[in-house]
Amino acid sequence: MTRVDNLAAVSLVILWSSGFIGADLGTAQAPAHTLLAWRYVVAVVILAAWCWYRRLRPTLRGVKRQAVLGFFCQFLYLGCLVTGVGLGVPAGTAALIAALQPLVVAALSSRFLGEEFPASRRIGLAVGFTGVVLVVAGDLGGAAAWPVYLLPLLGTLALSAGTVLERKLGTTEPIPLALCIQAAVSGVLFMAWSLIAGDATPPLTTGFWAAVAWVVVFSTFGAYGTYLFVLRRSGATRVSALL
């Protein structure tokens with residue numbers, strides 16, 4: 001592992017964790033889909049301007065690939081996760097449920113990507129899984145009904161599928177361009193969701209827009225950008241273990 005890889009790994013852990021804070025802050029101001037809709041509106045404007053400035057132009061094949069990845073890794077993952085937090089799942093518990101991802105990705109990667117899944121890693125992940133189950137079981141009966149806890153789990157499965165699929169497809173689009181396409185797809189879907197629900201208008205509060213700024217900077221640009229970087233350099237199993 002190079003110094004760049006180690007720095008990226010540490011950055012990913014910190015930046016990805018910050019997303020759960022943003023979800024908690026934002027859903028206190030508006031429904032999850034409203035927060036996510038405006039997160040992606042802001043992110044797409046900035047990313048599109050950057051891609052235009054850098055002369056990054058997508059191909060039709062690239063758009064198709066990134067649209068699928070955006071649907072799994074951003075729309076389904078965040079839609080389920082942030083909605084779960086908004087309905088009462090503690091942000092820390094949602095993060096722990098999301099920590100089950102390495103189990104799923106390691107199994108899928110060994111099956112579809114040929115990545116190694118040694119016994120020592122299986123034991124370590126099994127211990128982590130047991131810890132997550134104990135913590136989540138202790139939270140049941142709180143502010144959220146138990147079926148709501150399935151939402152972060154479904155989101156985790158979606159991100160796992162997208163992570164393995166990204167490696168399987170062998171995407172080559174520059175990270176800003178990949179993020180722009182994924183964010184555009186997610187923005188359209190979340191805005192449609194908000195319009196159908198009748199709450200697409202954003203709250204004119206400092207708290208809401210501070211939460212939007214938080215998730216755009218730390219989650220979209222920071223966490224997802226670093227996630228793609230580590231995924232492409234180190235593989236699906238390692239990036240999931242870091243998450």
# chains A, B, ... in the order shown; residues from 1 in each chain; ligands from 1
$ residues_around --residues "Phe229 of chain A" --least-positions-apart "4" --cutoff "10 Å" --atoms "only C-alpha atoms" --output "ChimeraX atom specification"
/A:5,8-9,12,174-175,223-225,233-235,239
$ write_last_selection --atoms "N, CA and C atoms" --output "short mmCIF file (atom, residue, chain, number, x, y, z; two decimals), in the first residue's frame"
data_model
loop_
_atom_site.label_atom_id
_atom_site.label_comp_id
_atom_site.auth_asym_id
_atom_site.auth_seq_id
_atom_site.Cartn_x
_atom_site.Cartn_y
_atom_site.Cartn_z
N ASP A 5 -2.60 5.61 -0.91
CA ASP A 5 -3.66 4.66 -0.56
C ASP A 5 -4.01 4.75 0.92
N ALA A 8 -5.94 7.98 1.50
CA ALA A 8 -7.29 7.84 0.97
C ALA A 8 -8.16 6.99 1.88
N ALA A 9 -7.58 5.94 2.46
CA ALA A 9 -8.33 5.06 3.36
C ALA A 9 -8.80 5.82 4.60
N LEU A 12 -11.51 8.28 3.66
CA LEU A 12 -12.79 7.64 3.39
C LEU A 12 -13.54 7.35 4.69
N PRO A 174 -13.69 9.60 -15.66
CA PRO A 174 -13.07 10.36 -14.57
C PRO A 174 -14.05 10.51 -13.40
N ILE A 175 -13.52 10.53 -12.19
CA ILE A 175 -14.38 10.55 -11.01
C ILE A 175 -15.36 11.73 -11.00
N ALA A 223 -16.89 12.07 0.42
CA ALA A 223 -17.05 10.63 0.68
C ALA A 223 -17.18 9.82 -0.60
N TYR A 224 -18.09 10.22 -1.50
CA TYR A 224 -18.29 9.43 -2.72
C TYR A 224 -17.09 9.53 -3.67
N GLY A 225 -16.47 10.70 -3.70
CA GLY A 225 -15.28 10.84 -4.53
C GLY A 225 -14.16 9.94 -4.05
N ARG A 233 -8.74 1.64 -7.08
CA ARG A 233 -7.33 1.32 -6.83
C ARG A 233 -7.15 0.03 -6.02
N SER A 234 -8.08 -0.21 -5.07
CA SER A 234 -7.84 -1.28 -4.10
C SER A 234 -8.87 -2.41 -4.13
N GLY A 235 -9.97 -2.25 -4.85
CA GLY A 235 -10.94 -3.33 -4.95
C GLY A 235 -12.15 -3.18 -4.05
N VAL A 239 -12.57 -1.55 0.01
CA VAL A 239 -13.34 -0.34 0.21
C VAL A 239 -14.53 -0.61 1.15
#
$ residues_around --residues "segment 27-37 of chain A" --least-positions-apart "6" --cutoff "6 Å" --atoms "only C-alpha atoms" --output "list in words"
Val82, Thr83, Gly86, Gly187, Phe190, Met191, Ser194, Ala200 and Phe208 of chain A
$ write_last_selection --atoms "N, CA and C atoms" --output "tab-separated table (two decimals), in the first residue's frame"
chain	number	residue	atom	x	y	z
A	82	VAL	N	-31.33	7.31	4.65
A	82	VAL	CA	-31.73	8.59	5.22
A	82	VAL	C	-33.20	8.58	5.63
A	83	THR	N	-34.03	7.87	4.86
A	83	THR	CA	-35.44	7.74	5.26
A	83	THR	C	-35.54	7.00	6.59
A	86	GLY	N	-34.66	9.39	9.25
A	86	GLY	CA	-35.75	10.33	9.42
A	86	GLY	C	-36.94	9.75	10.15
A	187	GLY	N	-30.70	12.94	-8.53
A	187	GLY	CA	-31.44	14.19	-8.35
A	187	GLY	C	-32.80	14.14	-9.01
A	190	PHE	N	-35.03	11.70	-6.87
A	190	PHE	CA	-35.43	12.26	-5.57
A	190	PHE	C	-36.36	13.45	-5.74
A	191	MET	N	-36.14	14.26	-6.77
A	191	MET	CA	-37.04	15.40	-7.00
A	191	MET	C	-38.42	14.91	-7.41
A	194	SER	N	-40.14	13.84	-4.33
A	194	SER	CA	-40.58	14.99	-3.55
A	194	SER	C	-41.81	15.65	-4.15
A	200	ALA	N	-41.65	19.24	-2.30
A	200	ALA	CA	-40.41	19.53	-3.02
A	200	ALA	C	-39.84	20.90	-2.66
A	208	PHE	N	-31.62	23.83	7.45
A	208	PHE	CA	-31.77	22.97	6.28
A	208	PHE	C	-30.64	23.17	5.29
$ atom_distance --atom1 "atom CA of Ala67 of chain A" --atom2 "atom CA of Leu7 of chain A"
28.7 Å
$ residues_around --residues "Leu243 of chain A" --least-positions-apart "2" --cutoff "7 Å" --atoms "only C-alpha atoms" --output "list in words"
Val13, Ala99, Val239, Ser240 and Ala241 of chain A
$ write_last_selection --atoms "N, CA and C atoms" --output "mmCIF file, in the first residue's frame"
data_model
loop_
_atom_site.group_PDB
_atom_site.id
_atom_site.type_symbol
_atom_site.label_atom_id
_atom_site.label_comp_id
_atom_site.auth_asym_id
_atom_site.auth_seq_id
_atom_site.Cartn_x
_atom_site.Cartn_y
_atom_site.Cartn_z
ATOM 1 N N VAL A 13 -12.837 6.820 5.676
ATOM 2 C CA VAL A 13 -13.477 6.501 6.955
ATOM 3 C C VAL A 13 -14.090 7.748 7.578
ATOM 4 N N ALA A 99 -22.436 -1.083 8.306
ATOM 5 C CA ALA A 99 -21.152 -1.762 8.463
ATOM 6 C C ALA A 99 -21.229 -3.245 8.139
ATOM 7 N N VAL A 239 -12.568 -1.555 0.007
ATOM 8 C CA VAL A 239 -13.336 -0.338 0.215
ATOM 9 C C VAL A 239 -14.529 -0.611 1.147
ATOM 10 N N SER A 240 -15.104 -1.796 1.049
ATOM 11 C CA SER A 240 -16.231 -2.138 1.908
ATOM 12 C C SER A 240 -15.783 -2.359 3.346
ATOM 13 N N ALA A 241 -14.605 -2.961 3.517
ATOM 14 C CA ALA A 241 -14.066 -3.146 4.873
ATOM 15 C C ALA A 241 -13.828 -1.798 5.533
#
$ closest_residue --among "A:Ala94, A:Val85, A:Leu165, A:Val212" --to "Phe72 of chain A" --atoms "only C-alpha atoms"
A:Leu165
$ residues_around --residues "Leu100 of chain A" --least-positions-apart "3" --cutoff "7 Å" --atoms "only C-alpha atoms" --output "JSON list (two decimals) with C-alpha atoms, in the first residue's frame"
[["chain", "number", "residue", "atom", "x", "y", "z"],
["A", 97, "ILE", "CA", -26.16, -1.60, 10.02],
["A", 103, "LEU", "CA", -19.91, -9.35, 4.56],
["A", 129, "PHE", "CA", -21.61, -8.80, 12.44]]
$ atom_distance --atom1 "atom CA of Val185 of chain A" --atom2 "atom CA of Gly70 of chain A"
6.5 Å
